[in-house]
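Inspection log for the structure reproduced underneath, given as structure tokens.
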Amino acid sequence: MTLRTRMAAVAGVAVALTVVVLAAAQYEAARSTLRGEIDSALRDRATLITSSPPIAGRGGPTDGDDHHDRVPPNPFGDAAGKVQYVSPQGTILSSSTTSSQLPVDARAKELAASGTGSYFSDAHVSGVHLRVLTVGLGQRGAAQIARPLTEVDHALQQLLLVLLAVGAVGILVAAALGGVVARAALAPVSRFTRRTEALTANPDLSQRLEIEGQDELARLARSFNATLDALERSAEAQRHLVADASHELRTPIASLRANLLPEADRESLRADIIAELDELTALVGDVVELARGSKPSDVVDDVRIDQIVRALVERAERRAGDVVVFRSTLQPTVVSGEPERISRAISNLLGNAHKWSPPGGLIEIGLADGTLSIRDHGAGFDETDLPHVFDRFYRADSARGMPGSGLGLAIVRQAAEAHGGWVTAANAPDGGALVTLSFGPSVVVSDDPGEDDSSPVRVALLEQEREPRA
């Protein structure tokens with residue numbers, strides 16, 4: 001059960017109980033008022049009966065018949081009430097028919113024998129609900145005054161139906177209002193949750209939560225933003241540290257290379273050291289690239305993926321010579337992004353395919369619908385390595401003796417995620433490794449047959465290739 005459902009249920013039950021209690025109290029108040037009026041009327045008539053003296057010469061104070069002659073009984077069920085006399089011996093003196101007699105129980109007989117006291121009771125006679133007051137008359141016994149409760153019962157039944165209908169409607173309204181109250185109360189929580197989920201799905205440390213009001217949720221949002229501030233400062237300090245370290249590393253590396261180059265008599269040693277320096281330079285460059293993180297750059301441009309791939313393939317062919325064969329099928333495609341990062345990622349994939357291709361092997365490059373696929377015909381990935389090939393510094397057992405740092409494919413994944421894309425690795429059905437890469441939303445454009453090496457992308461790549469690797 002969700003928090004919203006629980007809040008709605010609690011609010012609905014609280015309002016429903018309030019409605020039920022108020023309805024019950026109103027019913028009891030009306031019942032007490034109506035029956036109180038009946039009881040008051042019965043007391044008034046009892047006062048008249050008890051205050052009337054007996055008629056002289058007609059049998060004395062204990063002659064119940066004399067009193068019966070003086071206060072004749074009303075017809076049974078009359079609104080004025082029925083009066084019935086009970087002698088001290090417990091016999092009925094005033095009723096001529098048994099059908100209209102009020103019930104005389106043991107308590108009424110005891111009161112008639114004592115002649116003192118009074119009490120109210122309910123009775124049903126001939127299908128009529130009566131309210132009965134039994135009052136002592138001294139030596140004359142007791143009198144029972146009864147009035148029908150038909151009108152009172154009818155009024156209470158009508159009131160009960162109205163209260164049940166109102167209560168049912170009130171409970172339904174309470175349930176609906178409970179849902180509304182829960183939705184309104186949890187609306188800030190829902191906004192907070194959606195915002196945090198969005199930040200989790202796209203971890204951009206520059207984003208913050210909106211703060212509204214001064215309640216507990218606002219305090220929580222401020223705490224969350226403070227955590228993001230600290231995390232962003234830490235990540236920024238890490239990037240600065242890596243950048244500064246890379247700068248400090250590049251300086252002695254360049255100095256070593258410059259000092260080694262003139263030494264002709266140490267050609268073999270110089271070649272080995274330069275190779276190691278090249279590898280160290282590449283490692284520093286990879287670390288710097290990874291330090292940029294997956295945060296997209298503020299400056300992006302429209303990038304022709306097919307042009308970048310074509311230029312990189314041409315460069316790889318010049319370096320590889322006849323060792324491997326490249327075959328490309330490229331669809332003109334434009335994405336919005338950073339040309340340098342895109343070029344670096346594609347170059348890493350081509351270099352990885354070249355490294356694992358056998359002599360004379362074929363490397364197939366395809367670009368269609370914004371998805372780039374590079375497939376070699378080497379040994380492929382080991383199944384245990386597939387879940388980790390894009391992890392930083394991960395190297396398969398078969399690659400530990402080969403040059404490399406284990407950062408090339410990690411850079412590919414980071415560049416893809418920075419552009420809102422993805423990358424996957426798999427083994428081709430008929431052998432070899434297959435890597436599929438996307439740089440996010442793309443647009444297929446018509447190819448320009450007049451395009452040549454003067455393209456800005458090609459020029460930038462060629463200039464980058466001519467730069468000394470120091």
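Residue numbering restarts at 1 for every chain of the structure tokens, chains are lettered A, B, ... in their displayed order, and ligands are numbered from 1 as they appear.
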
key: Polymer residues at most 12 Å from segment 211-220 of chain A, only C-alpha atoms, same-chain spacing of 6 or more positions, as an MDAnalysis selection string   = chainID A and resid 185:193 195:196 226:227

Hey, can you spit out that residue selection with C-alpha atoms as a JSON list (two decimals), in the first residue's frame?
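Output (out_8.json):
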```json
[["chain", "number", "residue", "atom", "x", "y", "z"],
["A", 185, "ALA", "CA", -0.36, 16.82, 0.88],
["A", 186, "LEU", "CA", 1.97, 14.56, -1.08],
["A", 187, "ALA", "CA", 2.25, 16.76, -4.19],
["A", 188, "PRO", "CA", 5.53, 18.32, -2.96],
["A", 189, "VAL", "CA", 6.84, 14.85, -2.14],
["A", 190, "SER", "CA", 5.96, 13.64, -5.64],
["A", 191, "ARG", "CA", 7.78, 16.61, -7.21],
["A", 192, "PHE", "CA", 10.78, 15.97, -4.97],
["A", 193, "THR", "CA", 10.80, 12.27, -5.90],
["A", 195, "ARG", "CA", 13.34, 15.45, -9.48],
["A", 196, "THR", "CA", 15.66, 13.15, -7.55],
["A", 226, "ALA", "CA", 24.24, 20.79, -0.09],
["A", 227, "THR", "CA", 25.23, 17.18, -0.76]]
```

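Minimum atom-to-atom distance to Arg140 of chain A, evaluated using only C-alpha atoms, belongs to A:Val86 out of A:Arg315, A:Ala155, A:Val86, A:Val13.
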
key: Proximity to Gln414 of chain A - best of A:Ala16, A:Leu437, A:Val83, A:Val104, only C-alpha atoms   =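 Using only C-alpha atoms, the shortest distance to Gln414 of chain A belongs to A:Leu437.
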
message = Excluding Leu350 of chain A and its own-chain neighbours fewer than 2 positions away, which residues fall within 8 Å of it when counting only C-alpha atoms? Please give them as a ChimeraX atom specification.
response = /A:313,316,346-348,352-354,374

query = Which is closest to Ala230 of chain A among A:Val423, A:Val21, A:Ser206, A:Thr329, if we use only C-alpha atoms?
reply =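 Checking each candidate against Ala230 of chain A, we get A:Ser206 as the closest.
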
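Each of A:Leu231, A:Leu17, A:Ala165, A:Ala143 was compared to Gln207 of chain A using only C-alpha atoms, and A:Leu231 turns out to be the nearest.
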
key: Contact residues around Ala425 of chain A with only C-alpha atoms at 9 Å, ignoring same-chain residues under 4 positions, as a ChimeraX atom specification   = /A:381,386-387,389-390,433-437

Can you write out the residues you just picked, keeping all heavy atoms, as a PDB file, in the first residue's frame?
```
ATOM      1  N   PHE A 381      35.385 -11.705 -27.859  1.00  0.00           N
ATOM      2  CA  PHE A 381      35.430 -11.511 -26.410  1.00  0.00           C
ATOM      3  C   PHE A 381      35.196 -12.837 -25.698  1.00  0.00           C
ATOM      4  O   PHE A 381      34.390 -13.655 -26.139  1.00  0.00           O
ATOM      5  CB  PHE A 381      34.359 -10.518 -25.945  1.00  0.00           C
ATOM      6  CG  PHE A 381      34.531  -9.126 -26.490  1.00  0.00           C
ATOM      7  CD1 PHE A 381      33.707  -8.661 -27.512  1.00  0.00           C
ATOM      8  CD2 PHE A 381      35.491  -8.276 -25.984  1.00  0.00           C
ATOM      9  CE1 PHE A 381      33.851  -7.385 -28.009  1.00  0.00           C
ATOM     10  CE2 PHE A 381      35.642  -6.990 -26.473  1.00  0.00           C
ATOM     11  CZ  PHE A 381      34.822  -6.547 -27.489  1.00  0.00           C
ATOM     12  N   LEU A 386      32.773 -10.100 -21.181  1.00  0.00           N
ATOM     13  CA  LEU A 386      31.787  -9.212 -21.814  1.00  0.00           C
ATOM     14  C   LEU A 386      31.144  -8.211 -20.845  1.00  0.00           C
ATOM     15  O   LEU A 386      30.977  -7.036 -21.190  1.00  0.00           O
ATOM     16  CB  LEU A 386      30.703 -10.054 -22.508  1.00  0.00           C
ATOM     17  CG  LEU A 386      31.013 -10.485 -23.944  1.00  0.00           C
ATOM     18  CD1 LEU A 386      29.924 -11.403 -24.475  1.00  0.00           C
ATOM     19  CD2 LEU A 386      31.165  -9.263 -24.845  1.00  0.00           C
ATOM     20  N   PRO A 387      30.755  -8.619 -19.614  1.00  0.00           N
ATOM     21  CA  PRO A 387      30.120  -7.619 -18.728  1.00  0.00           C
ATOM     22  C   PRO A 387      31.066  -6.529 -18.252  1.00  0.00           C
ATOM     23  O   PRO A 387      30.611  -5.539 -17.672  1.00  0.00           O
ATOM     24  CB  PRO A 387      29.621  -8.470 -17.539  1.00  0.00           C
ATOM     25  CG  PRO A 387      29.612  -9.878 -18.025  1.00  0.00           C
ATOM     26  CD  PRO A 387      30.732  -9.968 -19.018  1.00  0.00           C
ATOM     27  N   VAL A 389      33.997  -5.231 -20.199  1.00  0.00           N
ATOM     28  CA  VAL A 389      34.926  -4.682 -21.189  1.00  0.00           C
ATOM     29  C   VAL A 389      34.938  -3.161 -21.197  1.00  0.00           C
ATOM     30  O   VAL A 389      35.933  -2.547 -21.627  1.00  0.00           O
ATOM     31  CB  VAL A 389      34.587  -5.212 -22.601  1.00  0.00           C
ATOM     32  CG1 VAL A 389      34.835  -6.704 -22.681  1.00  0.00           C
ATOM     33  CG2 VAL A 389      33.151  -4.870 -22.979  1.00  0.00           C
ATOM     34  N   PHE A 390      33.862  -2.519 -20.705  1.00  0.00           N
ATOM     35  CA  PHE A 390      33.822  -1.054 -20.691  1.00  0.00           C
ATOM     36  C   PHE A 390      34.181  -0.475 -19.326  1.00  0.00           C
ATOM     37  O   PHE A 390      34.058   0.734 -19.126  1.00  0.00           O
ATOM     38  CB  PHE A 390      32.436  -0.558 -21.117  1.00  0.00           C
ATOM     39  CG  PHE A 390      32.078  -0.907 -22.531  1.00  0.00           C
ATOM     40  CD1 PHE A 390      31.171  -1.919 -22.802  1.00  0.00           C
ATOM     41  CD2 PHE A 390      32.663  -0.236 -23.596  1.00  0.00           C
ATOM     42  CE1 PHE A 390      30.846  -2.246 -24.111  1.00  0.00           C
ATOM     43  CE2 PHE A 390      32.345  -0.556 -24.900  1.00  0.00           C
ATOM     44  CZ  PHE A 390      31.439  -1.571 -25.158  1.00  0.00           C
ATOM     45  N   ALA A 433      34.751  -9.943 -32.793  1.00  0.00           N
ATOM     46  CA  ALA A 433      34.088  -9.038 -31.855  1.00  0.00           C
ATOM     47  C   ALA A 433      33.269  -8.008 -32.624  1.00  0.00           C
ATOM     48  O   ALA A 433      33.671  -7.526 -33.687  1.00  0.00           O
ATOM     49  CB  ALA A 433      35.124  -8.335 -30.984  1.00  0.00           C
ATOM     50  N   LEU A 434      32.122  -7.662 -32.061  1.00  0.00           N
ATOM     51  CA  LEU A 434      31.223  -6.671 -32.655  1.00  0.00           C
ATOM     52  C   LEU A 434      30.881  -5.636 -31.597  1.00  0.00           C
ATOM     53  O   LEU A 434      30.316  -5.969 -30.550  1.00  0.00           O
ATOM     54  CB  LEU A 434      29.945  -7.330 -33.178  1.00  0.00           C
ATOM     55  CG  LEU A 434      28.856  -6.385 -33.702  1.00  0.00           C
ATOM     56  CD1 LEU A 434      29.357  -5.607 -34.907  1.00  0.00           C
ATOM     57  CD2 LEU A 434      27.589  -7.155 -34.042  1.00  0.00           C
ATOM     58  N   VAL A 435      31.237  -4.373 -31.870  1.00  0.00           N
ATOM     59  CA  VAL A 435      30.933  -3.268 -30.962  1.00  0.00           C
ATOM     60  C   VAL A 435      29.989  -2.312 -31.680  1.00  0.00           C
ATOM     61  O   VAL A 435      30.260  -1.904 -32.821  1.00  0.00           O
ATOM     62  CB  VAL A 435      32.209  -2.530 -30.522  1.00  0.00           C
ATOM     63  CG1 VAL A 435      31.856  -1.373 -29.587  1.00  0.00           C
ATOM     64  CG2 VAL A 435      33.171  -3.485 -29.828  1.00  0.00           C
ATOM     65  N   THR A 436      28.887  -1.981 -31.010  1.00  0.00           N
ATOM     66  CA  THR A 436      27.869  -1.096 -31.585  1.00  0.00           C
ATOM     67  C   THR A 436      27.802   0.169 -30.738  1.00  0.00           C
ATOM     68  O   THR A 436      27.736   0.098 -29.510  1.00  0.00           O
ATOM     69  CB  THR A 436      26.495  -1.790 -31.616  1.00  0.00           C
ATOM     70  OG1 THR A 436      26.628  -3.049 -32.272  1.00  0.00           O
ATOM     71  CG2 THR A 436      25.485  -0.944 -32.371  1.00  0.00           C
ATOM     72  N   LEU A 437      27.807   1.327 -31.416  1.00  0.00           N
ATOM     73  CA  LEU A 437      27.933   2.611 -30.726  1.00  0.00           C
ATOM     74  C   LEU A 437      26.914   3.600 -31.264  1.00  0.00           C
ATOM     75  O   LEU A 437      26.652   3.656 -32.464  1.00  0.00           O
ATOM     76  CB  LEU A 437      29.356   3.153 -30.931  1.00  0.00           C
ATOM     77  CG  LEU A 437      29.681   4.564 -30.427  1.00  0.00           C
ATOM     78  CD1 LEU A 437      29.564   4.636 -28.914  1.00  0.00           C
ATOM     79  CD2 LEU A 437      31.079   4.971 -30.888  1.00  0.00           C
TER      80      LEU A 437
END
```
